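Structure file upload.txt; described as compact mmCIF, C-alpha atoms and all ligand atoms.
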# COMPACT_ATOMS: atom_id res chain seq x y z
CA MET D 1 44.44 -54.81 -102.06
CA GLU D 2 47.10 -52.10 -102.10
CA HIS D 3 45.96 -48.45 -101.86
CA PHE D 4 42.45 -49.57 -101.01
CA ALA D 5 41.72 -46.33 -99.12
CA ILE D 6 42.21 -44.31 -102.31
CA ILE D 7 40.11 -46.73 -104.35
CA GLN D 8 37.37 -46.58 -101.72
CA ALA D 9 37.38 -42.74 -101.86
CA LEU D 10 37.15 -42.83 -105.66
CA CYS D 11 34.23 -45.26 -105.49
CA ARG D 12 32.44 -43.02 -102.97
CA LEU D 13 32.77 -39.98 -105.25
CA ALA D 14 31.81 -41.88 -108.38
CA ILE D 15 28.61 -43.51 -107.10
CA GLY D 16 27.44 -40.22 -105.62
CA ASP D 17 25.67 -39.25 -108.85
CA GLY D 18 23.62 -42.48 -108.89
CA SER D 19 24.71 -43.60 -112.36
CA PRO D 20 23.77 -47.31 -112.80
CA PRO D 21 26.90 -48.29 -114.83
CA VAL D 22 29.21 -46.85 -112.14
CA ARG D 23 27.28 -48.72 -109.46
CA GLN D 24 27.61 -51.89 -111.46
CA GLN D 25 31.41 -51.54 -111.64
CA VAL D 26 31.65 -50.96 -107.88
CA GLU D 27 29.55 -54.07 -107.34
CA ARG D 28 31.94 -55.99 -109.63
CA LEU D 29 34.91 -54.81 -107.60
CA ARG D 30 33.19 -55.82 -104.35
CA ASP D 31 32.46 -59.32 -105.72
CA ALA D 32 36.05 -59.73 -106.97
CA LEU D 33 37.46 -58.69 -103.57
CA GLN D 34 35.13 -61.12 -101.84
CA LYS D 35 36.20 -63.93 -104.14
CA ASP D 36 39.87 -63.21 -103.36
CA GLY D 37 39.15 -63.37 -99.63
CA ASN D 38 39.45 -59.61 -98.92
CA LEU D 39 36.28 -59.71 -96.86
CA ASN D 40 36.81 -56.46 -94.93
CA GLN D 41 37.35 -54.46 -98.09
CA ALA D 42 34.35 -56.11 -99.77
CA SER D 43 32.12 -55.23 -96.84
CA SER D 44 33.33 -51.57 -96.91
CA LEU D 45 32.20 -51.37 -100.52
CA SER D 46 28.87 -53.02 -99.62
CA ALA D 47 28.30 -50.35 -96.96
CA LEU D 48 29.12 -47.64 -99.50
CA LEU D 49 26.65 -49.08 -102.02
CA THR D 50 23.90 -49.28 -99.40
CA SER D 51 24.37 -45.70 -98.21
CA ALA D 52 24.48 -44.39 -101.81
CA GLY D 53 21.15 -46.18 -102.47
CA ARG D 54 19.67 -44.51 -99.41
CA THR D 55 20.83 -41.04 -100.52
CA LYS D 56 19.05 -41.52 -103.83
CA GLU D 57 15.78 -42.34 -102.10
CA LEU D 58 16.13 -39.15 -100.09
CA ALA D 59 16.50 -37.04 -103.24
CA PRO D 60 13.23 -35.08 -102.75
CA SER D 61 14.35 -33.52 -99.46
CA ARG D 62 17.74 -32.69 -100.97
CA LEU D 63 15.81 -31.05 -103.81
CA THR D 64 13.86 -28.81 -101.43
CA ARG D 65 17.07 -27.74 -99.73
CA SER D 66 18.74 -26.81 -102.99
CA ARG D 67 15.69 -24.80 -104.02
CA ALA D 68 15.78 -22.80 -100.82
CA GLN D 69 19.46 -22.06 -101.36
CA MET D 70 18.93 -20.56 -104.81
CA PRO D 71 19.97 -16.93 -104.68
CA GLY D 72 17.53 -14.06 -105.09
CA GLU D 73 14.57 -12.38 -103.48
CA GLN D 74 11.15 -13.96 -103.49
CA LEU D 75 8.79 -12.84 -106.25
CA THR D 76 5.27 -12.20 -105.03
CA ARG D 77 2.04 -11.21 -106.73
CA SER D 78 2.56 -7.65 -105.58
CA THR D 79 6.13 -7.29 -106.93
CA ALA D 80 6.23 -4.41 -109.42
CA LEU D 81 6.97 -5.61 -112.96
CA PRO D 82 9.64 -3.99 -115.13
CA VAL D 83 8.04 -1.63 -117.64
CA ASP D 84 9.05 0.31 -120.72
CA ARG D 85 9.85 3.80 -119.44
CA GLU D 86 8.11 5.62 -122.26
CA THR D 87 4.95 3.61 -122.73
CA ALA D 88 4.72 2.04 -119.25
CA ALA D 89 3.90 -1.28 -120.94
CA PRO D 90 5.06 -4.29 -118.89
CA LEU D 91 8.12 -6.04 -120.33
CA ALA D 92 7.17 -9.44 -118.93
CA GLU D 93 4.35 -11.56 -117.54
CA ILE D 94 4.70 -13.59 -114.35
CA PHE D 95 3.31 -17.09 -113.83
CA PHE D 96 3.43 -18.57 -110.35
CA PRO D 97 3.66 -22.36 -109.91
CA ASP D 98 0.03 -22.41 -108.70
CA ASP D 99 -1.12 -20.79 -111.97
CA ILE D 100 0.43 -23.54 -114.10
CA GLN D 101 -1.55 -26.67 -114.93
CA ALA D 102 -0.24 -29.78 -113.22
CA ASP D 103 -0.64 -32.22 -116.14
CA ALA D 104 2.62 -32.93 -117.90
CA PRO D 105 2.60 -32.38 -121.67
CA LEU D 106 2.89 -35.68 -123.53
CA PHE D 107 6.01 -36.61 -125.46
CA THR D 108 7.74 -39.77 -126.68
CA PRO D 109 9.79 -41.66 -124.05
CA THR D 110 13.09 -40.37 -125.50
CA VAL D 111 12.00 -36.72 -125.23
CA THR D 112 10.43 -37.32 -121.80
CA ASN D 113 13.66 -38.84 -120.49
CA ALA D 114 15.67 -35.90 -121.82
CA ILE D 115 13.30 -33.45 -120.10
CA GLN D 116 13.49 -35.45 -116.89
CA SER D 117 17.27 -35.24 -116.95
CA VAL D 118 17.14 -31.43 -117.31
CA ILE D 119 14.76 -31.22 -114.34
CA GLU D 120 16.97 -33.53 -112.26
CA GLU D 121 20.03 -31.45 -113.06
CA TRP D 122 18.28 -28.18 -112.29
CA SER D 123 16.87 -29.53 -109.04
CA ASN D 124 20.30 -30.58 -107.86
CA THR D 125 22.61 -27.75 -108.89
CA GLU D 126 23.99 -27.47 -105.35
CA ALA D 127 24.87 -31.14 -105.11
CA LEU D 128 26.48 -31.07 -108.57
CA SER D 129 28.55 -27.97 -107.78
CA LYS D 130 29.85 -29.73 -104.67
CA ILE D 131 31.39 -32.51 -106.73
CA GLY D 132 32.87 -29.99 -109.16
CA ILE D 133 30.30 -30.31 -111.95
CA GLN D 134 29.10 -26.97 -113.29
CA PRO D 135 25.40 -27.53 -114.03
CA SER D 136 23.96 -26.11 -117.24
CA LYS D 137 21.45 -23.34 -116.60
CA THR D 138 20.33 -22.42 -120.09
CA CYS D 139 18.10 -24.46 -122.38
CA LEU D 140 16.81 -23.78 -125.89
CA ILE D 141 13.56 -25.54 -126.81
CA TYR D 142 12.75 -25.65 -130.51
CA GLY D 143 10.15 -27.28 -132.73
CA ALA D 144 7.09 -26.59 -134.93
CA PRO D 145 4.35 -24.21 -133.70
CA GLY D 146 1.86 -25.98 -131.45
CA THR D 147 4.11 -28.85 -130.35
CA GLY D 148 3.75 -27.82 -126.70
CA LYS D 149 7.01 -25.87 -126.17
CA THR D 150 5.60 -23.02 -124.08
CA ARG D 151 3.48 -25.41 -122.09
CA LEU D 152 6.54 -27.58 -121.46
CA ALA D 153 8.67 -24.66 -120.26
CA LEU D 154 5.96 -23.57 -117.82
CA TRP D 155 5.58 -27.13 -116.60
CA ILE D 156 9.34 -27.43 -115.98
CA ALA D 157 9.14 -24.29 -113.81
CA LYS D 158 6.28 -25.83 -111.87
CA GLN D 159 8.38 -28.95 -111.21
CA LEU D 160 11.16 -26.71 -109.85
CA ASP D 161 8.60 -24.71 -107.86
CA LEU D 162 9.85 -21.47 -109.41
CA PRO D 163 7.82 -18.54 -110.75
CA VAL D 164 8.28 -17.85 -114.46
CA VAL D 165 9.13 -14.45 -115.90
CA LEU D 166 7.79 -14.82 -119.43
CA VAL D 167 9.11 -12.43 -122.05
CA ARG D 168 7.70 -12.52 -125.57
CA LEU D 169 10.59 -11.19 -127.57
CA ASP D 170 8.40 -10.51 -130.58
CA GLY D 171 6.47 -7.84 -128.70
CA LEU D 172 9.56 -6.52 -127.02
CA VAL D 173 11.58 -6.10 -130.20
CA SER D 174 8.97 -4.72 -132.55
CA SER D 175 7.14 -2.26 -130.36
CA PHE D 176 10.15 -0.69 -128.67
CA LEU D 177 12.80 -1.02 -131.34
CA GLY D 178 14.44 2.28 -130.45
CA THR D 179 14.74 1.50 -126.78
CA THR D 180 14.98 -2.28 -126.81
CA ALA D 181 18.56 -2.58 -125.63
CA ARG D 182 17.71 -0.52 -122.56
CA ASN D 183 14.56 -2.57 -121.98
CA ILE D 184 16.60 -5.75 -122.14
CA GLY D 185 18.96 -4.34 -119.51
CA ASN D 186 16.03 -3.50 -117.20
CA LEU D 187 14.51 -6.87 -117.70
CA PHE D 188 17.65 -8.79 -116.80
CA SER D 189 18.23 -6.64 -113.70
CA PHE D 190 14.73 -7.69 -112.64
CA VAL D 191 15.08 -11.44 -113.29
CA ASN D 192 18.57 -11.57 -111.75
CA ARG D 193 17.24 -9.95 -108.61
CA TYR D 194 14.48 -12.52 -107.99
CA ARG D 195 14.45 -16.30 -107.66
CA CYS D 196 12.72 -17.29 -110.90
CA LEU D 197 12.98 -18.97 -114.26
CA LEU D 198 13.43 -16.61 -117.21
CA LEU D 199 11.45 -17.73 -120.25
CA LEU D 200 12.38 -15.98 -123.50
CA ASP D 201 9.58 -17.00 -125.87
CA GLU D 202 9.64 -16.37 -129.64
CA PHE D 203 13.40 -16.03 -129.52
CA ASP D 204 13.63 -15.92 -133.33
CA ALA D 205 11.95 -12.48 -133.23
CA ILE D 206 15.41 -10.98 -132.87
CA ALA D 207 16.39 -12.56 -136.17
CA LYS D 208 13.28 -11.59 -138.13
CA HIS D 209 14.30 -7.97 -138.55
CA ARG D 210 17.85 -8.81 -139.53
CA ASP D 211 17.30 -8.50 -143.28
CA ASP D 212 15.77 -5.05 -143.03
CA PRO D 213 18.65 -2.68 -143.96
CA GLN D 214 17.15 0.13 -141.88
CA GLU D 215 17.23 -1.99 -138.78
CA VAL D 216 20.54 -3.82 -139.12
CA GLY D 217 22.45 -1.64 -136.68
CA GLU D 218 19.63 -1.65 -134.18
CA ILE D 219 19.18 -5.41 -134.28
CA LYS D 220 22.90 -5.95 -133.79
CA ARG D 221 22.71 -3.84 -130.67
CA VAL D 222 19.73 -5.81 -129.43
CA VAL D 223 21.33 -9.20 -130.12
CA ASN D 224 24.52 -8.13 -128.38
CA ALA D 225 22.61 -6.83 -125.38
CA LEU D 226 20.67 -10.09 -125.16
CA LEU D 227 23.73 -12.30 -125.46
CA GLN D 228 25.75 -10.32 -122.93
CA ASN D 229 22.90 -10.42 -120.45
CA LEU D 230 22.35 -14.14 -121.02
CA ASP D 231 26.06 -14.76 -120.42
CA SER D 232 26.12 -12.89 -117.18
CA ARG D 233 22.94 -14.60 -116.00
CA LYS D 234 24.45 -18.08 -116.42
CA ASP D 235 25.79 -18.19 -112.87
CA ILE D 236 22.66 -16.66 -111.38
CA GLY D 237 19.57 -18.49 -112.55
CA PHE D 238 17.81 -20.68 -115.09
CA SER D 239 16.85 -19.41 -118.53
CA ILE D 240 14.84 -21.12 -121.26
CA GLY D 241 14.67 -19.80 -124.83
CA ILE D 242 11.96 -20.98 -127.23
CA THR D 243 11.86 -20.79 -131.00
CA ASN D 244 9.84 -22.14 -133.94
CA HIS D 245 12.54 -21.23 -136.42
CA PRO D 246 15.85 -22.65 -135.21
CA LYS D 247 17.40 -21.93 -138.63
CA LEU D 248 16.96 -18.20 -138.12
CA LEU D 249 19.18 -18.16 -135.05
CA ASP D 250 22.82 -17.12 -135.22
CA PRO D 251 25.47 -19.69 -134.23
CA ALA D 252 26.38 -17.18 -131.51
CA VAL D 253 22.89 -17.56 -130.06
CA TRP D 254 23.00 -21.38 -130.24
CA ARG D 255 26.29 -21.44 -128.37
CA ARG D 256 24.73 -19.57 -125.44
CA PHE D 257 22.35 -22.45 -124.71
CA GLU D 258 24.02 -25.39 -123.03
CA VAL D 259 21.03 -27.70 -123.50
CA GLN D 260 19.24 -27.77 -126.87
CA LEU D 261 16.00 -29.70 -126.86
CA GLU D 262 14.09 -30.43 -130.05
CA ILE D 263 10.37 -31.17 -129.67
CA PRO D 264 9.32 -33.34 -132.62
CA ARG D 265 5.80 -33.74 -133.96
CA PRO D 266 4.09 -36.67 -132.21
CA ASP D 267 4.19 -40.17 -133.75
CA PHE D 268 1.07 -42.35 -133.97
CA GLN D 269 1.37 -43.72 -130.43
CA MET D 270 1.83 -40.23 -128.97
CA ARG D 271 -1.11 -38.91 -131.00
CA VAL D 272 -3.24 -41.65 -129.45
CA GLU D 273 -2.14 -40.52 -125.98
CA ILE D 274 -2.70 -36.83 -126.73
CA ALA D 275 -6.18 -37.51 -128.19
CA ARG D 276 -7.04 -39.62 -125.14
CA HIS D 277 -5.73 -36.86 -122.84
CA PHE D 278 -8.02 -34.19 -124.31
CA MET D 279 -11.12 -36.42 -124.59
CA PRO D 280 -12.65 -36.21 -121.07
CA PRO D 281 -15.37 -35.68 -120.06
CA VAL D 282 -16.52 -37.32 -123.30
CA SER D 283 -15.78 -41.04 -123.40
CA ALA D 284 -14.88 -42.15 -126.90
CA PRO D 285 -14.46 -45.75 -128.07
CA GLU D 286 -10.85 -46.83 -128.68
CA SER D 287 -11.54 -47.12 -132.45
CA HIS D 288 -12.50 -43.40 -132.55
CA ILE D 289 -9.33 -42.36 -130.69
CA LYS D 290 -7.23 -44.44 -133.07
CA LEU D 291 -8.89 -43.04 -136.20
CA ILE D 292 -8.42 -39.46 -134.95
CA SER D 293 -4.72 -40.28 -134.40
CA TRP D 294 -4.39 -41.82 -137.87
CA PHE D 295 -6.12 -38.80 -139.44
CA THR D 296 -3.76 -36.35 -137.65
CA GLU D 297 -0.57 -37.79 -139.17
CA GLY D 298 2.06 -35.00 -139.20
CA CYS D 299 -0.07 -32.73 -136.94
CA THR D 300 1.03 -31.11 -133.69
CA GLY D 301 -0.46 -31.53 -130.23
CA ALA D 302 -2.39 -28.25 -130.66
CA GLU D 303 -3.97 -29.54 -133.89
CA ILE D 304 -4.94 -32.85 -132.28
CA GLU D 305 -6.50 -30.87 -129.43
CA SER D 306 -8.50 -28.95 -132.02
CA VAL D 307 -9.75 -32.14 -133.80
CA VAL D 308 -10.76 -33.60 -130.43
CA ARG D 309 -12.64 -30.39 -129.61
CA THR D 310 -14.58 -30.69 -132.89
CA TYR D 311 -15.33 -34.34 -132.09
CA LYS D 312 -16.58 -33.47 -128.60
CA ARG D 313 -18.75 -30.70 -129.98
CA ALA D 314 -20.25 -33.06 -132.57
CA SER D 315 -20.93 -35.76 -129.99
CA ALA D 316 -22.57 -33.24 -127.64
CA LEU D 317 -24.81 -31.88 -130.40
CA SER D 318 -25.85 -35.30 -131.67
CA SER D 319 -27.64 -35.87 -128.29
CA GLY D 320 -26.98 -39.55 -127.75
CA ASP D 321 -27.33 -40.56 -131.38
CA ARG D 322 -23.58 -40.14 -132.04
CA LYS D 323 -22.83 -38.73 -135.45
CA GLU D 324 -20.46 -40.99 -137.27
CA LEU D 325 -16.82 -40.06 -136.83
CA ILE D 326 -15.91 -40.10 -140.52
CA GLU D 327 -18.39 -37.30 -141.22
CA THR D 328 -16.91 -35.22 -138.38
CA LEU D 329 -13.38 -35.74 -139.71
CA LYS D 330 -14.46 -34.78 -143.23
CA GLN D 331 -15.96 -31.60 -141.87
CA PHE D 332 -12.73 -30.82 -139.97
CA ALA D 333 -10.58 -31.57 -143.03
CA THR D 334 -12.70 -29.17 -145.10
CA LEU D 335 -12.47 -26.34 -142.61
CA ASN D 336 -8.75 -26.91 -141.90
CA ALA D 337 -7.56 -27.98 -145.32
CA ALA D 338 -3.93 -26.90 -144.94
CA ARG D 339 -3.45 -28.60 -141.60
CA ILE D 340 -4.28 -32.13 -142.65
CA ASP D 341 -1.94 -34.45 -144.51
CA GLU D 342 -2.91 -34.45 -148.21
CA ALA D 343 -2.87 -38.25 -148.59
CA ARG D 344 -4.99 -38.87 -145.47
CA ARG D 345 -7.42 -36.19 -146.58
CA SER D 346 -7.98 -37.69 -150.02
CA LEU D 347 -8.40 -41.20 -148.55
CA LEU D 348 -11.08 -39.83 -146.26
CA PHE D 349 -13.00 -38.43 -149.22
CA ASP D 350 -12.43 -41.55 -151.35
CA ASN D 351 -15.28 -44.08 -151.69
CA ALA D 352 -16.19 -46.09 -148.59
CA SER D 353 -14.78 -49.37 -149.97
CA SER D 354 -11.25 -47.96 -150.43
CA LEU D 355 -11.30 -46.20 -147.07
CA PHE D 356 -12.49 -49.32 -145.24
CA LYS D 357 -9.79 -51.41 -146.85
CA VAL D 358 -7.09 -48.91 -145.78
CA MET D 359 -8.43 -48.99 -142.22
CA ARG D 360 -8.23 -52.77 -142.19
CA ASP D 361 -4.72 -52.93 -143.69
CA ASP D 362 -3.02 -49.89 -142.16
CA PRO D 363 -0.28 -51.19 -139.81
CA ASP D 364 -1.13 -48.60 -137.13
CA LEU D 365 -4.90 -49.07 -137.24
CA GLN D 366 -5.35 -52.78 -138.08
CA PHE D 367 -9.09 -52.31 -137.65
CA THR D 368 -11.46 -55.26 -137.36
CA LEU D 369 -14.78 -55.17 -139.24
CA GLY D 370 -16.34 -54.21 -135.89
CA ASP D 371 -13.98 -51.23 -135.48
CA ILE D 372 -14.72 -50.00 -139.00
CA GLY D 373 -18.44 -50.31 -138.30
CA GLU D 374 -17.97 -48.28 -135.11
CA VAL D 375 -16.27 -45.34 -136.86
CA ALA D 376 -18.51 -45.44 -139.94
CA GLY D 377 -21.84 -45.93 -138.14
CA ARG D 378 -22.58 -49.22 -139.95
CA ASP D 379 -22.96 -52.84 -138.99
CA LYS D 380 -20.25 -55.44 -139.62
CA SER D 381 -22.01 -57.14 -142.52
CA SER D 382 -22.45 -53.88 -144.39
CA VAL D 383 -18.71 -53.13 -143.90
CA SER D 384 -17.84 -56.61 -145.11
CA ARG D 385 -20.02 -56.16 -148.21
CA GLN D 386 -18.32 -52.82 -148.99
CA ILE D 387 -14.83 -54.34 -148.73
CA GLY D 388 -16.02 -57.27 -150.87
CA LYS D 389 -17.24 -54.84 -153.54
CA ARG D 390 -13.81 -53.26 -153.63
CA ALA D 391 -12.12 -56.68 -153.93
CA ALA D 392 -14.47 -57.61 -156.78
CA ALA D 393 -13.79 -54.29 -158.57
CA THR D 394 -10.00 -54.80 -158.44
CA ARG D 395 -10.15 -58.41 -159.74
N1 LIG Q 401 2.67 -32.76 -126.55
C1 LIG Q 401 1.60 -32.17 -126.06
N2 LIG Q 401 0.96 -32.65 -124.98
C2 LIG Q 401 -0.13 -32.06 -124.48
N3 LIG Q 401 -0.67 -30.93 -124.99
C3 LIG Q 401 -0.08 -30.40 -126.07
C4 LIG Q 401 1.08 -30.98 -126.65
N4 LIG Q 401 1.45 -30.23 -127.69
C5 LIG Q 401 0.57 -29.22 -127.76
N5 LIG Q 401 -0.36 -29.31 -126.79
C6 LIG Q 401 -1.48 -28.37 -126.57
O1 LIG Q 401 -1.42 -27.44 -127.62
C7 LIG Q 401 -1.57 -26.11 -127.16
C8 LIG Q 401 -0.45 -25.24 -127.66
O2 LIG Q 401 0.74 -25.58 -127.00
P1 LIG Q 401 1.93 -24.52 -126.84
O3 LIG Q 401 1.39 -23.15 -126.81
O4 LIG Q 401 2.79 -24.98 -125.72
O5 LIG Q 401 2.70 -24.77 -128.22
P2 LIG Q 401 4.01 -24.04 -128.74
O6 LIG Q 401 4.91 -25.15 -129.23
O7 LIG Q 401 4.54 -23.13 -127.72
O8 LIG Q 401 3.44 -23.27 -129.99
P3 LIG Q 401 3.97 -21.88 -130.64
O9 LIG Q 401 5.30 -22.22 -131.22
O10 LIG Q 401 2.93 -21.56 -131.65
O11 LIG Q 401 4.05 -20.87 -129.52
C9 LIG Q 401 -1.65 -26.16 -125.66
O12 LIG Q 401 -2.97 -25.89 -125.30
C10 LIG Q 401 -1.29 -27.58 -125.29
O13 LIG Q 401 -2.20 -27.99 -124.34
MG MG Q 402 4.69 -21.06 -127.66
Let me see the structure of the file written as structure tokens.
Amino acid sequence: MEHFAIIQALCRLAIGDGSPPVRQQVERLRDALQKDGNLNQASSLSALLTSAGRTKELAPSRLTRSRAQMPGEQLTRSTALPVDRETAAPLAEIFFPDDIQADAPLFTPTVTNAIQSVIEEWSNTEALSKIGIQPSKTCLIYGAPGTGKTRLALWIAKQLDLPVVLVRLDGLVSSFLGTTARNIGNLFSFVNRYRCLLLLDEFDAIAKHRDDPQEVGEIKRVVNALLQNLDSRKDIGFSIGITNHPKLLDPAVWRRFEVQLEIPRPDFQMRVEIARHFMPPVSAPESHIKLISWFTEGCTGAEIESVVRTYKRASALSSGDRKELIETLKQFATLNAARIDEARRSLLFDNASSLFKVMRDDPDLQFTLGDIGEVAGRDKSSVSRQIGKRAAATR
């Protein structure tokens, strides 16, 4: 093949990032060359493919090297925090990787893959820069309260083995309104000096005051200071912004974040996994986990955690003679009326026959008579009689 040296160089560059489709095309080219009798060229491409595969397996050590090369001084537990000059209140909190829980928060596969790709990119900034790709260093995480955003951001930092400088903008903006712009300047000097991940939580706080005519000028100053500092930090280190109210943010703020990650409320399957995750040390039957997940339709991870806590408390207090789950859920729905889906709540309080029939027919639950008995504290024949009553009443 003519100009094979150039083609070989292009293939080497392209398969460097480990993308499966690129690899596939190089394999196609190798096979075509082999078929045409260009055996030397085919074997050069084979060697290239093998060494690229090996580089990928070695990724963890490359990751450690790139971490060590990140600019900045090391933050330690004795590093002095930036403080507001007048009140001496700290402007940030620091979390070290050892302080952050190791369990990953649970999300759907699509969200998990997206998060994994951010972590991969941030672990390999050096390698990406070498092949001329400017890695993104800013990420905005948004979603309903309690969907696990803060926990996720902390967990990402743990994966990168970086300490987190956590700034709650709500506190920063409201308590120091007069001096906020200066505080923001101090804060960014601090985070840019150390090797860390900057976490700007409650980012929408800067927008909340916007409609107050007395504060318009001040807020503009604050927003500008924030945006300028975020811009100049882009080449220095990673920043994550978090908000519950994405609609409140200016387009100018959105533009600053290269990655924008929405955390949705969990679907049924994810609710099952979250309920199962929070259950230990109590061991609950599968039917109980599924009913809790059905009941928490539209809820966030934090709300599921709270239902599971109520369940665990009830099962501890019932000392072996487990209180039936439906009663526990009714109690939770009464004490947390606004959190539970209206339709699910009324089904729960409907008569037993209707509820049992829904449990049997619901496509997520598909309960057997045995399952219904297990959540309602009855035997199968009594469940069957109840469903029969309902069928007779609707005839
Ligand atoms: N997807 C999830 N997986 C595991 N735990 C979760 C999940 N979502 C929420 N939680 C639990 O809910 C609690 C609250 O999570 P977190 O504080 O991260 O939510 P948030 O989205 O930051 O909420 P807010 O917007 O109110 O600050 C945590 O204790 C976390 O363990
Ligand atoms: Mg939060």
What does the list of residues within 8 Å of ligand MG 402 (chain Q) look like if you count all atoms listed in the file, written as a PyMOL selection string? chain D and resi 145-146+148-151+201-202+242-243
Counting only C-alpha atoms and all ligand atoms, which residue out of D:Ile156, D:Leu348, D:Leu187, D:Leu162 sits closest to ligand LIG 401 (chain Q)? D:Ile156
Using all atoms listed in the file, what does the table of chain D residues within 10 Å of ligand LIG 401 (chain Q) look like, with each row giving the shortest atom pair and its distance in Å to one decimal, sorted by chain and ascending number, as CSV?
residue,atom,partner,partner_atom,distance
D:Gln101,CA,Q:LIG401,O13,9.5
D:Asp103,CA,Q:LIG401,C2,8.4
D:Ala104,CA,Q:LIG401,C2,7.2
D:Pro105,CA,Q:LIG401,N2,3.7
D:Leu106,CA,Q:LIG401,N2,3.9
D:Phe107,CA,Q:LIG401,N1,5.2
D:Thr108,CA,Q:LIG401,N1,8.7
D:Ile141,CA,Q:LIG401,O6,9.0
D:Tyr142,CA,Q:LIG401,O6,8.0
D:Gly143,CA,Q:LIG401,O6,6.7
D:Ala144,CA,Q:LIG401,O9,6.0
D:Pro145,CA,Q:LIG401,O9,3.3
D:Gly146,CA,Q:LIG401,O8,3.5
D:Thr147,CA,Q:LIG401,O6,3.9
D:Gly148,CA,Q:LIG401,O4,3.2
D:Lys149,CA,Q:LIG401,O6,3.8
D:Thr150,CA,Q:LIG401,O7,3.8
D:Arg151,CA,Q:LIG401,O4,3.7
D:Leu152,CA,Q:LIG401,O4,6.2
D:Ala153,CA,Q:LIG401,O4,8.0
D:Leu154,CA,Q:LIG401,O4,8.6
D:Trp155,CA,Q:LIG401,O4,9.8
D:Arg168,CA,Q:LIG401,O11,9.9
D:Asp201,CA,Q:LIG401,O11,7.7
D:Glu202,CA,Q:LIG401,O11,7.2
D:Ile242,CA,Q:LIG401,O7,7.7
D:Thr243,CA,Q:LIG401,O9,6.7
D:Asn244,CA,Q:LIG401,O9,5.3
D:His245,CA,Q:LIG401,O9,9.0
D:Ile263,CA,Q:LIG401,O6,8.1
D:Pro264,CA,Q:LIG401,N1,9.0
D:Arg265,CA,Q:LIG401,N1,8.1
D:Pro266,CA,Q:LIG401,N1,7.0
D:Met270,CA,Q:LIG401,N1,7.9
D:Arg271,CA,Q:LIG401,N1,8.5
D:Glu273,CA,Q:LIG401,N2,8.5
D:Ile274,CA,Q:LIG401,N2,5.8
D:Ala275,CA,Q:LIG401,C2,8.9
D:His277,CA,Q:LIG401,C2,7.6
D:Phe278,CA,Q:LIG401,N3,8.1
D:Cys299,CA,Q:LIG401,N4,9.7
D:Thr300,CA,Q:LIG401,N4,6.1
D:Gly301,CA,Q:LIG401,N4,3.4
D:Ala302,CA,Q:LIG401,O1,3.3
D:Glu303,CA,Q:LIG401,O1,7.1
D:Ile304,CA,Q:LIG401,O1,8.0
D:Glu305,CA,Q:LIG401,C6,6.3
D:Ser306,CA,Q:LIG401,O1,8.5
What's around Ser381 in chain D at 12 Å? Count all atoms listed in the file, leave out sequence neighbours fewer than 6 positions away in its own chain, and write the answer as a PyMOL selection string. chain D and resi 368-370+372-373+387-388
Write a file of the selected residues as a PDB file, in the coordinates of the input, keeping C-alpha atoms.
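Wrote it out as part_1.pdb, contents follow:
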ATOM      1  CA  THR D 368     -11.460 -55.260-137.360  1.00  0.00           C
ATOM      2  CA  LEU D 369     -14.780 -55.170-139.240  1.00  0.00           C
ATOM      3  CA  GLY D 370     -16.340 -54.210-135.890  1.00  0.00           C
ATOM      4  CA  ILE D 372     -14.720 -50.000-139.000  1.00  0.00           C
ATOM      5  CA  GLY D 373     -18.440 -50.310-138.300  1.00  0.00           C
ATOM      6  CA  ILE D 387     -14.830 -54.340-148.730  1.00  0.00           C
ATOM      7  CA  GLY D 388     -16.020 -57.270-150.870  1.00  0.00           C
TER       8      GLY D 388
END
Is there a way to get, as a VMD selection string, all residues within 12 Å of the point (28.9, -48.8, -109.7) in file coordinates, counting all atoms listed in the file? chain D and resid 8 10 to 31 45 to 46 48 to 50 52 to 53
Write the selection just made, keeping C-alpha atoms, as an mmCIF file, in the frame of the given file?
data_model
loop_
_atom_site.group_PDB
_atom_site.id
_atom_site.type_symbol
_atom_site.label_atom_id
_atom_site.label_comp_id
_atom_site.auth_asym_id
_atom_site.auth_seq_id
_atom_site.Cartn_x
_atom_site.Cartn_y
_atom_site.Cartn_z
ATOM 1 C CA GLN D 8 37.370 -46.580 -101.720
ATOM 2 C CA LEU D 10 37.150 -42.830 -105.660
ATOM 3 C CA CYS D 11 34.230 -45.260 -105.490
ATOM 4 C CA ARG D 12 32.440 -43.020 -102.970
ATOM 5 C CA LEU D 13 32.770 -39.980 -105.250
ATOM 6 C CA ALA D 14 31.810 -41.880 -108.380
ATOM 7 C CA ILE D 15 28.610 -43.510 -107.100
ATOM 8 C CA GLY D 16 27.440 -40.220 -105.620
ATOM 9 C CA ASP D 17 25.670 -39.250 -108.850
ATOM 10 C CA GLY D 18 23.620 -42.480 -108.890
ATOM 11 C CA SER D 19 24.710 -43.600 -112.360
ATOM 12 C CA PRO D 20 23.770 -47.310 -112.800
ATOM 13 C CA PRO D 21 26.900 -48.290 -114.830
ATOM 14 C CA VAL D 22 29.210 -46.850 -112.140
ATOM 15 C CA ARG D 23 27.280 -48.720 -109.460
ATOM 16 C CA GLN D 24 27.610 -51.890 -111.460
ATOM 17 C CA GLN D 25 31.410 -51.540 -111.640
ATOM 18 C CA VAL D 26 31.650 -50.960 -107.880
ATOM 19 C CA GLU D 27 29.550 -54.070 -107.340
ATOM 20 C CA ARG D 28 31.940 -55.990 -109.630
ATOM 21 C CA LEU D 29 34.910 -54.810 -107.600
ATOM 22 C CA ARG D 30 33.190 -55.820 -104.350
ATOM 23 C CA ASP D 31 32.460 -59.320 -105.720
ATOM 24 C CA LEU D 45 32.200 -51.370 -100.520
ATOM 25 C CA SER D 46 28.870 -53.020 -99.620
ATOM 26 C CA LEU D 48 29.120 -47.640 -99.500
ATOM 27 C CA LEU D 49 26.650 -49.080 -102.020
ATOM 28 C CA THR D 50 23.900 -49.280 -99.400
ATOM 29 C CA ALA D 52 24.480 -44.390 -101.810
ATOM 30 C CA GLY D 53 21.150 -46.180 -102.470
#
